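Asks: Shown below is the structure under consideration.
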2 protein chains.
Amino acid sequence: MEEAKGLVKHVLLAKFKDDIPQEKIVELITGYAKLVNLIEPMKAFQWGTDVSAENLHQGFTHVFESTFESVEGVAEYVAHPAHVEFSNLMLPALDKVVIIDYKPTFVKF
Amino acid sequence: MEEAKGLVKHVLLAKFKDDIPQEKIVELITGYAKLVNLIEPMKAFQWGTDVSAENLHQGFTHVFESTFESVEGVAEYVAHPAHVEFSNLMLPALDKVVIIDYKPTFVKF
């Protein structure tokens, strides 16, 4: 196994509140995606909705994954005014949220 | 934004039970990683432990991410005897688990 030097994945699982309309959800996701252009240490962003069949998603419906080059980069992102502004829109729209960062070890045999 | 054709990410967040010894956790993670060699549709595997500072990880301590080429590939993996055997060891060791699959949309502006 091999750990990518410094690389940090920032994973957010979300369930939006039932009363948040679909167009508001789209707007929030677009706002999240735009952070890549505004916050230098945020290197990549991908997202998607649950397509699992195992029924272990615990009600979460959306996955967002951002990539950073270091834990310091994540800290810079978290404190960045564009992120703070976005969070203040996003978090109140969520019924459930988990945010976890990890340094991925890629498996090679 | 652009959706990778068919690609499916299979994300598992875990918190091991407090009485599971560290060497057992290592053994389980190694067993998880070995599935890449045993189950054809499982194309890649990466994992890591929580390094987040935002305190929104809701007690989850480990992230595991597997990559598949399709939702059918995930179904084949879930039903594969090697996965069933592994799950029967892994799931009872977990205090909390979320498993969610998504087709990543990669953001490019």
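Identifiers for the structure tokens are assigned positionally: chains receive A, B, ... in sequence, residues are indexed from 1 per chain, and ligands are indexed from 1 in the order shown.
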Pull out every residue of chain B that has at least one atom within 6 Å of chain A, counting only C-alpha atoms, and report them as a PDB file with N, CA and C atoms, in the first residue's frame.
Replies:
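Saved result, part-v8.pdb, follows:
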ATOM      1  N   PHE B  45      -8.995   0.750  -4.967  1.00  0.00           N
ATOM      2  CA  PHE B  45      -9.365   0.839  -3.550  1.00  0.00           C
ATOM      3  C   PHE B  45      -8.422   1.820  -2.865  1.00  0.00           C
ATOM      4  N   GLN B  46      -8.988   2.690  -2.057  1.00  0.00           N
ATOM      5  CA  GLN B  46      -8.173   3.577  -1.233  1.00  0.00           C
ATOM      6  C   GLN B  46      -8.874   3.757   0.101  1.00  0.00           C
ATOM      7  N   TRP B  47      -8.091   4.071   1.114  1.00  0.00           N
ATOM      8  CA  TRP B  47      -8.677   4.218   2.445  1.00  0.00           C
ATOM      9  C   TRP B  47      -7.804   5.162   3.265  1.00  0.00           C
ATOM     10  N   GLY B  48      -8.354   5.602   4.389  1.00  0.00           N
ATOM     11  CA  GLY B  48      -7.586   6.430   5.307  1.00  0.00           C
ATOM     12  C   GLY B  48      -8.394   6.699   6.559  1.00  0.00           C
ATOM     13  N   THR B  49      -7.715   7.288   7.531  1.00  0.00           N
ATOM     14  CA  THR B  49      -8.372   7.615   8.803  1.00  0.00           C
ATOM     15  C   THR B  49      -8.633   9.114   8.876  1.00  0.00           C
ATOM     16  N   ASP B  50      -9.599   9.457   9.687  1.00  0.00           N
ATOM     17  CA  ASP B  50     -10.037  10.847   9.829  1.00  0.00           C
ATOM     18  C   ASP B  50      -8.900  11.783  10.248  1.00  0.00           C
ATOM     19  N   VAL B  51      -8.696  12.836   9.487  1.00  0.00           N
ATOM     20  CA  VAL B  51      -7.738  13.880   9.877  1.00  0.00           C
ATOM     21  C   VAL B  51      -8.446  15.243   9.892  1.00  0.00           C
ATOM     22  N   SER B  52      -9.767  15.219   9.965  1.00  0.00           N
ATOM     23  CA  SER B  52     -10.520  16.476   9.883  1.00  0.00           C
ATOM     24  C   SER B  52     -10.424  17.284  11.168  1.00  0.00           C
ATOM     25  N   LEU B  56     -17.048  17.590  12.435  1.00  0.00           N
ATOM     26  CA  LEU B  56     -18.337  17.206  11.862  1.00  0.00           C
ATOM     27  C   LEU B  56     -18.296  15.768  11.344  1.00  0.00           C
ATOM     28  N   HIS B  57     -17.325  14.984  11.866  1.00  0.00           N
ATOM     29  CA  HIS B  57     -17.168  13.598  11.377  1.00  0.00           C
ATOM     30  C   HIS B  57     -18.132  12.627  12.051  1.00  0.00           C
ATOM     31  N   VAL B  98     -21.832   3.775   7.225  1.00  0.00           N
ATOM     32  CA  VAL B  98     -22.626   4.318   6.115  1.00  0.00           C
ATOM     33  C   VAL B  98     -21.995   3.793   4.840  1.00  0.00           C
ATOM     34  N   ILE B  99     -22.805   3.273   3.941  1.00  0.00           N
ATOM     35  CA  ILE B  99     -22.291   2.873   2.629  1.00  0.00           C
ATOM     36  C   ILE B  99     -23.137   3.576   1.573  1.00  0.00           C
ATOM     37  N   ILE B 100     -22.466   4.341   0.725  1.00  0.00           N
ATOM     38  CA  ILE B 100     -23.180   5.097  -0.298  1.00  0.00           C
ATOM     39  C   ILE B 100     -22.401   5.024  -1.603  1.00  0.00           C
ATOM     40  N   ASP B 101     -23.112   4.822  -2.697  1.00  0.00           N
ATOM     41  CA  ASP B 101     -22.490   4.755  -4.024  1.00  0.00           C
ATOM     42  C   ASP B 101     -22.920   5.981  -4.803  1.00  0.00           C
ATOM     43  N   TYR B 102     -22.013   6.518  -5.621  1.00  0.00           N
ATOM     44  CA  TYR B 102     -22.413   7.634  -6.475  1.00  0.00           C
ATOM     45  C   TYR B 102     -21.605   7.630  -7.763  1.00  0.00           C
ATOM     46  N   LYS B 103     -22.238   8.191  -8.800  1.00  0.00           N
ATOM     47  CA  LYS B 103     -21.560   8.357 -10.088  1.00  0.00           C
ATOM     48  C   LYS B 103     -20.976   9.752 -10.087  1.00  0.00           C
ATOM     49  N   PRO B 104     -19.664   9.869  -9.924  1.00  0.00           N
ATOM     50  CA  PRO B 104     -19.090  11.208  -9.753  1.00  0.00           C
ATOM     51  C   PRO B 104     -19.208  12.094 -10.992  1.00  0.00           C
ATOM     52  N   THR B 105     -19.678  13.299 -10.748  1.00  0.00           N
ATOM     53  CA  THR B 105     -19.602  14.362 -11.736  1.00  0.00           C
ATOM     54  C   THR B 105     -18.376  15.184 -11.378  1.00  0.00           C
ATOM     55  N   PHE B 106     -17.421  15.224 -12.296  1.00  0.00           N
ATOM     56  CA  PHE B 106     -16.200  15.994 -12.074  1.00  0.00           C
ATOM     57  C   PHE B 106     -16.429  17.402 -12.580  1.00  0.00           C
ATOM     58  N   VAL B 107     -16.052  18.352 -11.772  1.00  0.00           N
ATOM     59  CA  VAL B 107     -16.309  19.739 -12.151  1.00  0.00           C
ATOM     60  C   VAL B 107     -15.152  20.296 -12.958  1.00  0.00           C
TER      61      VAL B 107
END
Asks: Could you pull the residues within 6 Å of B:Leu7, counting only C-alpha atoms, minus those fewer than 6 positions along the same chain, as a compact mmCIF listing (two decimals) with N, CA and C atoms, in the first residue's frame?
Replies:
# COMPACT_ATOMS: atom_id res chain seq x y z
N PHE B 68 -15.75 1.29 -9.24
CA PHE B 68 -16.35 0.31 -10.14
C PHE B 68 -16.67 0.99 -11.47
N GLU B 69 -16.82 0.15 -12.50
CA GLU B 69 -17.11 0.73 -13.82
C GLU B 69 -18.60 0.90 -14.08
N SER B 70 -19.43 0.34 -13.19
CA SER B 70 -20.88 0.43 -13.40
C SER B 70 -21.61 0.03 -12.13
N LYS B 103 -22.24 8.19 -8.80
CA LYS B 103 -21.56 8.36 -10.09
C LYS B 103 -20.98 9.75 -10.09
Asks: Taking 3 positions as the minimum chain separation for residues in the same chain, which residues sit within 8 Å of stretch 81-84 of chain A when counting only C-alpha atoms? Answer as a VMD selection string.
Replies: chain A and resid 35 38 to 39 77 to 78 87 to 88
Asks: Please, what distance in Å, to one decimal, runs between atom CA of B:Phe86 and atom CA of B:Glu40?
Replies: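 Interatomic distance, atom CA of B:Phe86 to atom CA of B:Glu40: 15.6 Å.
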Asks: Identify all residues of chain A in alpha helix (DSSP H) (DSSP on the backbone) and supply them as an mmCIF file with N, CA and C atoms, in the first residue's frame.
Replies:
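Once written, states26.cif looks like this:
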data_model
loop_
_atom_site.group_PDB
_atom_site.id
_atom_site.type_symbol
_atom_site.label_atom_id
_atom_site.label_comp_id
_atom_site.auth_asym_id
_atom_site.auth_seq_id
_atom_site.Cartn_x
_atom_site.Cartn_y
_atom_site.Cartn_z
ATOM 1 N N GLN A 22 -35.890 21.516 -5.182
ATOM 2 C CA GLN A 22 -34.842 20.971 -6.049
ATOM 3 C C GLN A 22 -33.975 22.079 -6.654
ATOM 4 N N GLU A 23 -34.579 23.193 -7.040
ATOM 5 C CA GLU A 23 -33.789 24.269 -7.675
ATOM 6 C C GLU A 23 -32.823 24.907 -6.672
ATOM 7 N N LYS A 24 -33.204 24.919 -5.405
ATOM 8 C CA LYS A 24 -32.313 25.433 -4.364
ATOM 9 C C LYS A 24 -31.134 24.467 -4.171
ATOM 10 N N ILE A 25 -31.423 23.157 -4.239
ATOM 11 C CA ILE A 25 -30.363 22.147 -4.116
ATOM 12 C C ILE A 25 -29.363 22.309 -5.262
ATOM 13 N N VAL A 26 -29.874 22.476 -6.476
ATOM 14 C CA VAL A 26 -29.004 22.668 -7.649
ATOM 15 C C VAL A 26 -28.139 23.918 -7.466
ATOM 16 N N GLU A 27 -28.749 24.971 -6.968
ATOM 17 C CA GLU A 27 -28.035 26.232 -6.726
ATOM 18 C C GLU A 27 -26.903 26.034 -5.702
ATOM 19 N N LEU A 28 -27.201 25.289 -4.645
ATOM 20 C CA LEU A 28 -26.186 25.038 -3.620
ATOM 21 C C LEU A 28 -25.045 24.193 -4.179
ATOM 22 N N ILE A 29 -25.375 23.173 -4.963
ATOM 23 C CA ILE A 29 -24.333 22.312 -5.535
ATOM 24 C C ILE A 29 -23.456 23.121 -6.491
ATOM 25 N N THR A 30 -24.080 23.983 -7.270
ATOM 26 C CA THR A 30 -23.318 24.852 -8.185
ATOM 27 C C THR A 30 -22.401 25.777 -7.394
ATOM 28 N N GLY A 31 -22.918 26.301 -6.291
ATOM 29 C CA GLY A 31 -22.104 27.162 -5.429
ATOM 30 C C GLY A 31 -20.922 26.426 -4.831
ATOM 31 N N TYR A 32 -21.143 25.169 -4.477
ATOM 32 C CA TYR A 32 -20.077 24.330 -3.915
ATOM 33 C C TYR A 32 -18.996 24.134 -4.981
ATOM 34 N N ALA A 33 -19.449 23.780 -6.195
ATOM 35 C CA ALA A 33 -18.510 23.515 -7.287
ATOM 36 C C ALA A 33 -17.664 24.743 -7.628
ATOM 37 N N LYS A 34 -18.282 25.918 -7.528
ATOM 38 C CA LYS A 34 -17.565 27.147 -7.884
ATOM 39 C C LYS A 34 -16.435 27.483 -6.926
ATOM 40 N N LEU A 35 -16.463 26.879 -5.739
ATOM 41 C CA LEU A 35 -15.385 27.142 -4.772
ATOM 42 C C LEU A 35 -14.020 26.729 -5.322
ATOM 43 N N VAL A 36 -14.020 25.746 -6.221
ATOM 44 C CA VAL A 36 -12.748 25.301 -6.830
ATOM 45 C C VAL A 36 -12.023 26.473 -7.493
ATOM 46 N N ASN A 37 -12.787 27.371 -8.067
ATOM 47 C CA ASN A 37 -12.184 28.519 -8.757
ATOM 48 C C ASN A 37 -11.806 29.658 -7.819
ATOM 49 N N LEU A 38 -12.347 29.608 -6.616
ATOM 50 C CA LEU A 38 -12.176 30.732 -5.691
ATOM 51 C C LEU A 38 -11.148 30.468 -4.595
ATOM 52 N N VAL A 71 -3.254 18.986 4.781
ATOM 53 C CA VAL A 71 -4.231 19.344 5.825
ATOM 54 C C VAL A 71 -4.233 20.852 6.035
ATOM 55 N N GLU A 72 -3.083 21.487 5.818
ATOM 56 C CA GLU A 72 -3.028 22.951 5.917
ATOM 57 C C GLU A 72 -3.910 23.586 4.829
ATOM 58 N N GLY A 73 -3.917 22.955 3.666
ATOM 59 C CA GLY A 73 -4.773 23.431 2.576
ATOM 60 C C GLY A 73 -6.247 23.355 2.942
ATOM 61 N N VAL A 74 -6.626 22.280 3.627
ATOM 62 C CA VAL A 74 -8.022 22.153 4.071
ATOM 63 C C VAL A 74 -8.346 23.263 5.071
ATOM 64 N N ALA A 75 -7.413 23.521 5.990
ATOM 65 C CA ALA A 75 -7.631 24.563 7.006
ATOM 66 C C ALA A 75 -7.802 25.930 6.347
ATOM 67 N N GLU A 76 -6.984 26.186 5.308
ATOM 68 C CA GLU A 76 -7.084 27.451 4.574
ATOM 69 C C GLU A 76 -8.451 27.571 3.892
ATOM 70 N N TYR A 77 -8.907 26.449 3.317
ATOM 71 C CA TYR A 77 -10.227 26.377 2.672
ATOM 72 C C TYR A 77 -11.338 26.652 3.677
ATOM 73 N N VAL A 78 -11.261 25.966 4.833
ATOM 74 C CA VAL A 78 -12.325 26.103 5.842
ATOM 75 C C VAL A 78 -12.453 27.560 6.297
ATOM 76 N N ALA A 79 -11.309 28.238 6.421
ATOM 77 C CA ALA A 79 -11.302 29.618 6.918
ATOM 78 C C ALA A 79 -11.546 30.660 5.826
ATOM 79 N N PRO A 81 -13.088 33.161 3.213
ATOM 80 C CA PRO A 81 -14.392 33.850 3.209
ATOM 81 C C PRO A 81 -15.410 33.252 2.242
ATOM 82 N N ALA A 82 -14.955 32.779 1.066
ATOM 83 C CA ALA A 82 -15.887 32.190 0.095
ATOM 84 C C ALA A 82 -16.491 30.898 0.641
ATOM 85 N N HIS A 83 -15.677 30.131 1.379
ATOM 86 C CA HIS A 83 -16.184 28.905 1.996
ATOM 87 C C HIS A 83 -17.125 29.215 3.149
ATOM 88 N N VAL A 84 -16.760 30.201 3.955
ATOM 89 C CA VAL A 84 -17.604 30.586 5.089
ATOM 90 C C VAL A 84 -18.973 31.046 4.588
ATOM 91 N N GLU A 85 -18.963 31.857 3.532
ATOM 92 C CA GLU A 85 -20.219 32.337 2.949
ATOM 93 C C GLU A 85 -21.054 31.166 2.416
ATOM 94 N N PHE A 86 -20.376 30.243 1.721
ATOM 95 C CA PHE A 86 -21.085 29.073 1.184
ATOM 96 C C PHE A 86 -21.651 28.198 2.306
ATOM 97 N N SER A 87 -20.826 27.948 3.327
ATOM 98 C CA SER A 87 -21.267 27.104 4.457
ATOM 99 C C SER A 87 -22.501 27.668 5.140
ATOM 100 N N ASN A 88 -22.542 28.983 5.232
ATOM 101 C CA ASN A 88 -23.678 29.633 5.892
ATOM 102 C C ASN A 88 -24.975 29.482 5.094
ATOM 103 N N LEU A 89 -24.857 29.165 3.799
ATOM 104 C CA LEU A 89 -26.032 28.851 2.980
ATOM 105 C C LEU A 89 -26.323 27.351 3.011
ATOM 106 N N MET A 90 -25.252 26.553 2.935
ATOM 107 C CA MET A 90 -25.375 25.090 2.776
ATOM 108 C C MET A 90 -25.834 24.400 4.058
#
Asks: Please report the interatomic distance between atom CA of A:Ala14 and atom CA of A:Pro92 in Å with one decimal.
Replies: 11.5 Å
Asks: Check chain B with DSSP on the backbone and list each residue it calls strand (DSSP E or B), as a ChimeraX atom specification.
Replies: /B:2-3,8-16,42-50,62-68,94-102,105-106
Asks: If I take atom CA of A:Ile20 and atom CA of A:Leu94, how far is one from the other in Å, to one decimal?
Replies: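 Separation of atom CA of A:Ile20 and atom CA of A:Leu94: 8.7 Å.
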